[in-house]
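Student: This is the content of upload_19.pdb (PDB, C-alpha atoms):
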```
MODEL        1
ATOM      1  CA  ASP C   1       0.000   0.000   0.000  1.00  0.00           C
ATOM      2  CA  ILE C   2       0.931   3.674  -0.297  1.00  0.00           C
ATOM      3  CA  ALA C   3       0.842   6.301   2.479  1.00  0.00           C
ATOM      4  CA  THR C   4       1.687  10.027   2.367  1.00  0.00           C
ATOM      5  CA  PHE C   5       2.656  12.228   5.316  1.00  0.00           C
ATOM      6  CA  ALA C   6       3.893  15.812   5.657  1.00  0.00           C
ATOM      7  CA  ALA C   7       5.634  16.983   8.819  1.00  0.00           C
ATOM      8  CA  GLY C   8       7.925  19.857   7.958  1.00  0.00           C
ATOM      9  CA  CYS C   9      11.122  19.329   6.005  1.00  0.00           C
ATOM     10  CA  PHE C  10      10.737  16.009   4.228  1.00  0.00           C
ATOM     11  CA  TRP C  11      14.154  14.572   5.128  1.00  0.00           C
ATOM     12  CA  GLY C  12      13.522  14.006   8.827  1.00  0.00           C
ATOM     13  CA  VAL C  13      10.157  12.405   8.150  1.00  0.00           C
ATOM     14  CA  GLU C  14      11.636  10.180   5.456  1.00  0.00           C
ATOM     15  CA  LEU C  15      14.397   8.956   7.758  1.00  0.00           C
ATOM     16  CA  GLU C  16      11.854   8.172  10.487  1.00  0.00           C
ATOM     17  CA  TYR C  17       9.842   5.938   8.146  1.00  0.00           C
ATOM     18  CA  GLN C  18      12.885   4.295   6.550  1.00  0.00           C
ATOM     19  CA  ARG C  19      13.602   2.736   9.954  1.00  0.00           C
ATOM     20  CA  VAL C  20      10.137   1.159  10.294  1.00  0.00           C
ATOM     21  CA  PRO C  21       9.894  -2.586   9.597  1.00  0.00           C
ATOM     22  CA  GLY C  22       7.383  -3.085   6.802  1.00  0.00           C
ATOM     23  CA  VAL C  23       8.194   0.173   5.021  1.00  0.00           C
ATOM     24  CA  ILE C  24       9.561  -0.977   1.690  1.00  0.00           C
ATOM     25  CA  ALA C  25      10.475   2.318  -0.002  1.00  0.00           C
ATOM     26  CA  THR C  26      10.242   6.070   0.534  1.00  0.00           C
ATOM     27  CA  THR C  27      10.195   9.053  -1.817  1.00  0.00           C
ATOM     28  CA  VAL C  28      10.197  12.723  -0.869  1.00  0.00           C
ATOM     29  CA  GLY C  29       8.142  15.203  -2.843  1.00  0.00           C
ATOM     30  CA  TYR C  30       5.299  17.663  -2.951  1.00  0.00           C
ATOM     31  CA  VAL C  31       1.510  17.289  -2.459  1.00  0.00           C
ATOM     32  CA  GLN C  32      -1.718  19.286  -2.251  1.00  0.00           C
ATOM     33  CA  GLY C  33      -0.625  22.033  -4.630  1.00  0.00           C
ATOM     34  CA  ARG C  34      -1.997  23.602  -7.759  1.00  0.00           C
ATOM     35  CA  VAL C  35       1.026  23.534 -10.105  1.00  0.00           C
ATOM     36  CA  GLU C  36       2.160  20.603 -12.243  1.00  0.00           C
ATOM     37  CA  ARG C  37       5.748  19.414 -11.809  1.00  0.00           C
ATOM     38  CA  PRO C  38       6.698  21.919  -9.110  1.00  0.00           C
ATOM     39  CA  THR C  39      10.360  22.540  -8.409  1.00  0.00           C
ATOM     40  CA  TYR C  40      11.944  22.805  -4.984  1.00  0.00           C
ATOM     41  CA  GLU C  41      12.595  26.491  -5.599  1.00  0.00           C
ATOM     42  CA  GLU C  42       8.920  27.137  -6.389  1.00  0.00           C
ATOM     43  CA  VAL C  43       7.640  25.120  -3.438  1.00  0.00           C
ATOM     44  CA  SER C  44      10.112  26.619  -0.958  1.00  0.00           C
ATOM     45  CA  ALA C  45       9.092  30.114  -2.121  1.00  0.00           C
ATOM     46  CA  ALA C  46       5.455  29.178  -1.291  1.00  0.00           C
ATOM     47  CA  ARG C  47       4.317  29.822  -4.872  1.00  0.00           C
ATOM     48  CA  THR C  48       2.608  26.506  -5.655  1.00  0.00           C
ATOM     49  CA  GLY C  49       0.415  25.591  -2.690  1.00  0.00           C
ATOM     50  CA  HIS C  50       2.330  22.340  -2.164  1.00  0.00           C
ATOM     51  CA  THR C  51       3.697  21.024   1.092  1.00  0.00           C
ATOM     52  CA  GLU C  52       6.848  18.923   1.430  1.00  0.00           C
ATOM     53  CA  ALA C  53       5.914  15.297   2.082  1.00  0.00           C
ATOM     54  CA  VAL C  54       7.137  11.732   2.110  1.00  0.00           C
ATOM     55  CA  GLN C  55       5.319   8.983   0.287  1.00  0.00           C
ATOM     56  CA  LEU C  56       5.976   5.441   1.289  1.00  0.00           C
ATOM     57  CA  ILE C  57       5.246   1.981   0.058  1.00  0.00           C
ATOM     58  CA  TYR C  58       4.565  -0.365   2.925  1.00  0.00           C
ATOM     59  CA  ASP C  59       3.496  -3.925   3.630  1.00  0.00           C
ATOM     60  CA  PRO C  60       0.222  -3.816   5.623  1.00  0.00           C
ATOM     61  CA  GLY C  61       0.926  -7.378   6.738  1.00  0.00           C
ATOM     62  CA  VAL C  62       3.931  -6.057   8.675  1.00  0.00           C
ATOM     63  CA  VAL C  63       2.906  -2.518   9.682  1.00  0.00           C
ATOM     64  CA  SER C  64      -0.625  -1.137   9.771  1.00  0.00           C
ATOM     65  CA  TYR C  65      -1.749   2.213   8.443  1.00  0.00           C
ATOM     66  CA  LEU C  66      -2.807   3.117  11.986  1.00  0.00           C
ATOM     67  CA  ASP C  67       0.732   2.381  13.207  1.00  0.00           C
ATOM     68  CA  LEU C  68       2.103   4.652  10.469  1.00  0.00           C
ATOM     69  CA  CYS C  69      -0.279   7.410  11.620  1.00  0.00           C
ATOM     70  CA  GLU C  70       0.893   6.978  15.214  1.00  0.00           C
ATOM     71  CA  ILE C  71       4.519   7.259  14.097  1.00  0.00           C
ATOM     72  CA  PHE C  72       3.542  10.468  12.277  1.00  0.00           C
ATOM     73  CA  TRP C  73       1.853  11.995  15.350  1.00  0.00           C
ATOM     74  CA  ASN C  74       4.786  11.048  17.587  1.00  0.00           C
ATOM     75  CA  ARG C  75       7.239  12.583  15.126  1.00  0.00           C
ATOM     76  CA  LEU C  76       5.123  15.733  14.805  1.00  0.00           C
ATOM     77  CA  GLY C  77       4.752  16.194  18.564  1.00  0.00           C
ATOM     78  CA  ASP C  78       3.663  19.649  19.715  1.00  0.00           C
ATOM     79  CA  SER C  79       3.899  20.998  16.158  1.00  0.00           C
ATOM     80  CA  ALA C  80       0.495  19.382  15.513  1.00  0.00           C
ATOM     81  CA  VAL C  81      -1.141  22.458  17.088  1.00  0.00           C
ATOM     82  CA  LYS C  82       0.932  24.988  15.126  1.00  0.00           C
ATOM     83  CA  TYR C  83      -0.480  26.519  11.964  1.00  0.00           C
ATOM     84  CA  GLN C  84       1.839  25.994   8.990  1.00  0.00           C
ATOM     85  CA  GLN C  85       4.825  25.312  11.214  1.00  0.00           C
ATOM     86  CA  VAL C  86       6.805  22.243  12.196  1.00  0.00           C
ATOM     87  CA  GLY C  87       9.724  22.947  14.498  1.00  0.00           C
ATOM     88  CA  ASN C  88      11.647  25.859  13.015  1.00  0.00           C
ATOM     89  CA  ASP C  89      10.180  25.315   9.531  1.00  0.00           C
ATOM     90  CA  ARG C  90       7.469  27.894   8.820  1.00  0.00           C
ATOM     91  CA  GLY C  91       5.180  28.524   5.877  1.00  0.00           C
ATOM     92  CA  PRO C  92       2.562  26.692   3.839  1.00  0.00           C
ATOM     93  CA  GLN C  93       5.225  24.498   2.250  1.00  0.00           C
ATOM     94  CA  TYR C  94       5.946  23.029   5.716  1.00  0.00           C
ATOM     95  CA  ARG C  95       2.373  22.503   6.902  1.00  0.00           C
ATOM     96  CA  SER C  96       1.683  19.119   8.383  1.00  0.00           C
ATOM     97  CA  GLY C  97      -0.752  16.639   6.961  1.00  0.00           C
ATOM     98  CA  ILE C  98      -1.890  13.103   6.451  1.00  0.00           C
ATOM     99  CA  TYR C  99      -2.967  12.721   2.827  1.00  0.00           C
ATOM    100  CA  THR C 100      -4.944   9.577   2.176  1.00  0.00           C
ATOM    101  CA  THR C 101      -5.546   7.587  -0.981  1.00  0.00           C
ATOM    102  CA  THR C 102      -8.521   5.423   0.065  1.00  0.00           C
ATOM    103  CA  PRO C 103     -11.705   5.878   2.107  1.00  0.00           C
ATOM    104  CA  SER C 104     -10.362   3.337   4.621  1.00  0.00           C
ATOM    105  CA  GLN C 105      -7.169   5.344   5.104  1.00  0.00           C
ATOM    106  CA  LEU C 106      -9.182   8.544   5.549  1.00  0.00           C
ATOM    107  CA  LYS C 107     -11.350   6.918   8.228  1.00  0.00           C
ATOM    108  CA  THR C 108      -8.285   5.591  10.073  1.00  0.00           C
ATOM    109  CA  ALA C 109      -6.429   8.909   9.781  1.00  0.00           C
ATOM    110  CA  LYS C 110      -9.410  10.864  11.152  1.00  0.00           C
ATOM    111  CA  GLU C 111      -9.754   8.419  14.044  1.00  0.00           C
ATOM    112  CA  SER C 112      -6.046   8.845  14.806  1.00  0.00           C
ATOM    113  CA  LEU C 113      -6.519  12.643  14.779  1.00  0.00           C
ATOM    114  CA  VAL C 114      -9.393  12.403  17.277  1.00  0.00           C
ATOM    115  CA  SER C 115      -7.294  10.168  19.517  1.00  0.00           C
ATOM    116  CA  ARG C 116      -4.324  12.555  19.389  1.00  0.00           C
ATOM    117  CA  GLN C 117      -6.544  15.602  19.959  1.00  0.00           C
ATOM    118  CA  SER C 118      -7.754  14.083  23.235  1.00  0.00           C
ATOM    119  CA  LYS C 119      -4.158  14.360  24.499  1.00  0.00           C
ATOM    120  CA  LEU C 120      -3.691  18.026  23.579  1.00  0.00           C
ATOM    121  CA  LYS C 121      -5.139  21.236  25.000  1.00  0.00           C
ATOM    122  CA  LYS C 122      -4.978  23.309  21.778  1.00  0.00           C
ATOM    123  CA  PRO C 123      -6.728  22.368  18.517  1.00  0.00           C
ATOM    124  CA  ILE C 124      -4.683  20.349  16.050  1.00  0.00           C
ATOM    125  CA  GLN C 125      -3.809  22.309  12.895  1.00  0.00           C
ATOM    126  CA  THR C 126      -2.657  19.292  10.902  1.00  0.00           C
ATOM    127  CA  GLU C 127      -4.533  18.593   7.673  1.00  0.00           C
ATOM    128  CA  VAL C 128      -6.142  15.157   7.425  1.00  0.00           C
ATOM    129  CA  GLU C 129      -7.688  14.804   3.995  1.00  0.00           C
ATOM    130  CA  GLN C 130      -7.834  12.900   0.743  1.00  0.00           C
ATOM    131  CA  MET C 131      -4.787  13.561  -1.419  1.00  0.00           C
ATOM    132  CA  ARG C 132      -5.630  16.034  -4.172  1.00  0.00           C
ATOM    133  CA  GLY C 133      -3.978  15.523  -7.509  1.00  0.00           C
ATOM    134  CA  VAL C 134      -0.542  14.021  -7.888  1.00  0.00           C
ATOM    135  CA  PHE C 135       2.342  13.347  -5.541  1.00  0.00           C
ATOM    136  CA  TRP C 136       5.224  14.995  -7.378  1.00  0.00           C
ATOM    137  CA  PRO C 137       8.594  13.462  -6.483  1.00  0.00           C
ATOM    138  CA  ALA C 138      11.225  16.005  -5.513  1.00  0.00           C
ATOM    139  CA  GLU C 139      14.351  16.394  -7.577  1.00  0.00           C
ATOM    140  CA  GLU C 140      16.804  13.493  -7.479  1.00  0.00           C
ATOM    141  CA  TYR C 141      19.298  15.339  -5.265  1.00  0.00           C
ATOM    142  CA  HIS C 142      16.623  15.469  -2.511  1.00  0.00           C
ATOM    143  CA  GLN C 143      15.969  11.723  -2.513  1.00  0.00           C
ATOM    144  CA  GLN C 144      17.222   9.489   0.294  1.00  0.00           C
TER
ENDMDL
END
```
Using structure tokens, write down the structure from this file.

Tutor:
Amino acid sequence: DIATFAAGCFWGVELEYQRVPGVIATTVGYVQGRVERPTYEEVSAARTGHTEAVQLIYDPGVVSYLDLCEIFWNRLGDSAVKYQQVGNDRGPQYRSGIYTTTPSQLKTAKESLVSRQSKLKKPIQTEVEQMRGVFWPAEEYHQQ
């Protein structure tokens, strides 16, 4: 299966998932924007509407989608309640999100959001929604 998460700069998120048993491959790139084939320069200048993300291929027989969501929330930490900010990364290109590809993933992701919200005092600002359009892989020099 395929899962897509955004939690600030894509490198830290990618490394987190590369260490998870059952994650077969990772690719960093851009999602939820309005421009075809965005470049890093365009995305980092906040001109395309995209956010930096990692897309992974995983074996659901080894790791569940819910487990991947929990890893995301743990990685995101307190940044979940910050609007368009993860750590020191600020701007729409660093907003956090879980971008789903199936109705089942969306249901699980929303349930994970409700569970995480119960542990926080401020409202979560993380997007949890169906992926719009295409996941555009980042340039080769950003991969891995």

Student: Assuming the chain letters and numbering stay as they are in my file, what does the PyMOL selection byres ((chain C and resi 137) around 6) actually select? List them as a ChimeraX atom specification.

Tutor: /C:28-29,136,138

Student: Those same residues - C-alpha atoms - I'd like them written as a short mmCIF file (atom, residue, chain, number, x, y, z; two decimals), keeping the file's coordinate frame.

Tutor:
```
data_model
loop_
_atom_site.label_atom_id
_atom_site.label_comp_id
_atom_site.auth_asym_id
_atom_site.auth_seq_id
_atom_site.Cartn_x
_atom_site.Cartn_y
_atom_site.Cartn_z
CA VAL C 28 10.20 12.72 -0.87
CA GLY C 29 8.14 15.20 -2.84
CA TRP C 136 5.22 15.00 -7.38
CA ALA C 138 11.22 16.00 -5.51
#
```

Student: Using the chain letters and numbers from the file, give me the residues hit by the PyMOL selection byres ((chain C and resi 32) around 6), as a VMD selection string.

Tutor: chain C and resid 31 33 50 132

Student: Dig up all the protein and nucleic acid residues within 7 Å of (-1.9, 18.8, -12.1) in the file frame, using all atoms listed in the file, and format them as a list in words.

Tutor: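 Protein, DNA and RNA residues close to (-1.9, 18.8, -12.1): Arg34, Val35, Glu36, Gly133 and Val134 of chain C.
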
Student: Can you tell me, as number ranges by chain, what residues are no more than 8 Å from Pro38 in chain C when counting all atoms listed in the file, ignoring any on the same chain fewer than 5 positions away?

Tutor: C: 30, 43, 48, 136

Student: At a cut-off of 10 Å from (-7.4, 13.0, 11.6) in the coordinates of the file, what residues are picked up using all atoms listed in the file, written as a PyMOL selection string?

Tutor: chain C and resi 69+97-99+106-117+124+126-129

Student: Can you translate the PyMOL selection byres ((chain C and resi 24) around 8) into the concrete residues it hits in this file, as a list in words?

Tutor: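 Selected by the PyMOL selection byres ((chain C and resi 24) around 8) in this file: Gln18, Gly22, Val23, Ala25, Thr26, Leu56, Ile57, Tyr58 and Asp59 of chain C.
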
Student: I'd like the interatomic distance between CA of Arg19 in chain C and CA of Tyr94 in chain C, to a tenth of an Å.

Tutor: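 Interatomic distance, CA of Arg19 in chain C to CA of Tyr94 in chain C: 22.1 Å.
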
Student: Kindly indicate which residue among C:Gln130, C:Gln125, C:Gln143, C:Thr27 lies nearest to Thr101 in chain C, using all atoms listed in the file for the distances.

Tutor: C:Gln130

Student: What gap, in Å, lies between CA of Ser64 in chain C and CA of Phe5 in chain C?

Tutor: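 Computing it gives 14.5 Å between the two atoms.
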
Student: Pick the closest to Leu76 in chain C from C:Gln144, C:Ala3, C:Pro60, C:Val13: which is it, counting all atoms listed in the file?

Tutor: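 Smallest distance to Leu76 in chain C is found for C:Val13.
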
Student: Find the residue from C:Arg90, C:Arg47, C:Arg37, C:Lys119 that sits nearest to Trp73 in chain C; use only C-alpha atoms when measuring.

Tutor: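 Checking each candidate against Trp73 in chain C, we get C:Lys119 as the closest.
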
Student: Padding 5 Å on every side, please: axis-aligned box over the listed atoms of range 62-67 of chain C, centre and edge lengths to one decimal in Å, as AutoDock Vina command-line options.

Tutor:
```
--center_x 0.6 --center_y -1.5 --center_z 10.8 --size_x 16.7 --size_y 19.2 --size_z 14.8
```

Student: CA of Tyr141 in chain C and CA of Glu41 in chain C are how many Å apart?

Tutor: 13.0 Å

Student: Using only C-alpha atoms, which of the listed residues (C:Gly12, C:Pro103, C:Pro123, C:Gly61) sits closest to Ala80 in chain C?

Tutor: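 Of the candidates, the smallest distance to Ala80 in chain C is held by C:Pro123.
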
Student: Can you give me N, CA, C and O atoms for range 13-28 of chain C, written as a PDB file, in the coordinates of the input?

Tutor:
```pdb
ATOM      1  N   VAL C  13      11.306  13.308   8.194  1.00  0.00           N
ATOM      2  CA  VAL C  13      10.157  12.405   8.150  1.00  0.00           C
ATOM      3  C   VAL C  13      10.525  11.150   7.363  1.00  0.00           C
ATOM      4  O   VAL C  13      10.213  10.029   7.769  1.00  0.00           O
ATOM      5  N   GLU C  14      11.228  11.335   6.259  1.00  0.00           N
ATOM      6  CA  GLU C  14      11.636  10.180   5.456  1.00  0.00           C
ATOM      7  C   GLU C  14      12.516   9.242   6.277  1.00  0.00           C
ATOM      8  O   GLU C  14      12.290   8.027   6.291  1.00  0.00           O
ATOM      9  N   LEU C  15      13.492   9.785   6.963  1.00  0.00           N
ATOM     10  CA  LEU C  15      14.397   8.956   7.758  1.00  0.00           C
ATOM     11  C   LEU C  15      13.625   8.187   8.832  1.00  0.00           C
ATOM     12  O   LEU C  15      13.894   6.999   9.068  1.00  0.00           O
ATOM     13  N   GLU C  16      12.669   8.834   9.461  1.00  0.00           N
ATOM     14  CA  GLU C  16      11.854   8.172  10.487  1.00  0.00           C
ATOM     15  C   GLU C  16      11.172   6.929   9.910  1.00  0.00           C
ATOM     16  O   GLU C  16      11.199   5.852  10.508  1.00  0.00           O
ATOM     17  N   TYR C  17      10.564   7.066   8.745  1.00  0.00           N
ATOM     18  CA  TYR C  17       9.842   5.938   8.146  1.00  0.00           C
ATOM     19  C   TYR C  17      10.772   4.891   7.541  1.00  0.00           C
ATOM     20  O   TYR C  17      10.417   3.709   7.493  1.00  0.00           O
ATOM     21  N   GLN C  18      11.943   5.270   7.100  1.00  0.00           N
ATOM     22  CA  GLN C  18      12.885   4.295   6.550  1.00  0.00           C
ATOM     23  C   GLN C  18      13.289   3.258   7.599  1.00  0.00           C
ATOM     24  O   GLN C  18      13.665   2.148   7.258  1.00  0.00           O
ATOM     25  N   ARG C  19      13.193   3.620   8.853  1.00  0.00           N
ATOM     26  CA  ARG C  19      13.602   2.736   9.954  1.00  0.00           C
ATOM     27  C   ARG C  19      12.485   1.806  10.425  1.00  0.00           C
ATOM     28  O   ARG C  19      12.697   1.006  11.330  1.00  0.00           O
ATOM     29  N   VAL C  20      11.298   1.935   9.848  1.00  0.00           N
ATOM     30  CA  VAL C  20      10.137   1.159  10.294  1.00  0.00           C
ATOM     31  C   VAL C  20      10.070  -0.171   9.543  1.00  0.00           C
ATOM     32  O   VAL C  20      10.008  -0.177   8.314  1.00  0.00           O
ATOM     33  N   PRO C  21      10.080  -1.302  10.279  1.00  0.00           N
ATOM     34  CA  PRO C  21       9.894  -2.586   9.597  1.00  0.00           C
ATOM     35  C   PRO C  21       8.556  -2.601   8.859  1.00  0.00           C
ATOM     36  O   PRO C  21       7.540  -2.164   9.385  1.00  0.00           O
ATOM     37  N   GLY C  22       8.585  -3.061   7.630  1.00  0.00           N
ATOM     38  CA  GLY C  22       7.383  -3.085   6.802  1.00  0.00           C
ATOM     39  C   GLY C  22       7.317  -1.944   5.809  1.00  0.00           C
ATOM     40  O   GLY C  22       6.540  -2.005   4.860  1.00  0.00           O
ATOM     41  N   VAL C  23       8.109  -0.898   6.014  1.00  0.00           N
ATOM     42  CA  VAL C  23       8.194   0.173   5.021  1.00  0.00           C
ATOM     43  C   VAL C  23       9.213  -0.281   3.976  1.00  0.00           C
ATOM     44  O   VAL C  23      10.374  -0.529   4.295  1.00  0.00           O
ATOM     45  N   ILE C  24       8.755  -0.406   2.763  1.00  0.00           N
ATOM     46  CA  ILE C  24       9.561  -0.977   1.690  1.00  0.00           C
ATOM     47  C   ILE C  24      10.385   0.084   0.970  1.00  0.00           C
ATOM     48  O   ILE C  24      11.545  -0.134   0.639  1.00  0.00           O
ATOM     49  N   ALA C  25       9.788   1.251   0.728  1.00  0.00           N
ATOM     50  CA  ALA C  25      10.475   2.318  -0.002  1.00  0.00           C
ATOM     51  C   ALA C  25       9.883   3.665   0.383  1.00  0.00           C
ATOM     52  O   ALA C  25       8.713   3.757   0.771  1.00  0.00           O
ATOM     53  N   THR C  26      10.701   4.706   0.263  1.00  0.00           N
ATOM     54  CA  THR C  26      10.242   6.070   0.534  1.00  0.00           C
ATOM     55  C   THR C  26      10.683   6.984  -0.614  1.00  0.00           C
ATOM     56  O   THR C  26      11.706   6.753  -1.247  1.00  0.00           O
ATOM     57  N   THR C  27       9.879   8.013  -0.836  1.00  0.00           N
ATOM     58  CA  THR C  27      10.195   9.053  -1.817  1.00  0.00           C
ATOM     59  C   THR C  27       9.755  10.379  -1.218  1.00  0.00           C
ATOM     60  O   THR C  27       8.654  10.474  -0.675  1.00  0.00           O
ATOM     61  N   VAL C  28      10.603  11.401  -1.323  1.00  0.00           N
ATOM     62  CA  VAL C  28      10.197  12.723  -0.869  1.00  0.00           C
ATOM     63  C   VAL C  28       9.671  13.515  -2.063  1.00  0.00           C
ATOM     64  O   VAL C  28      10.076  13.302  -3.206  1.00  0.00           O
TER      65      VAL C  28
END
```
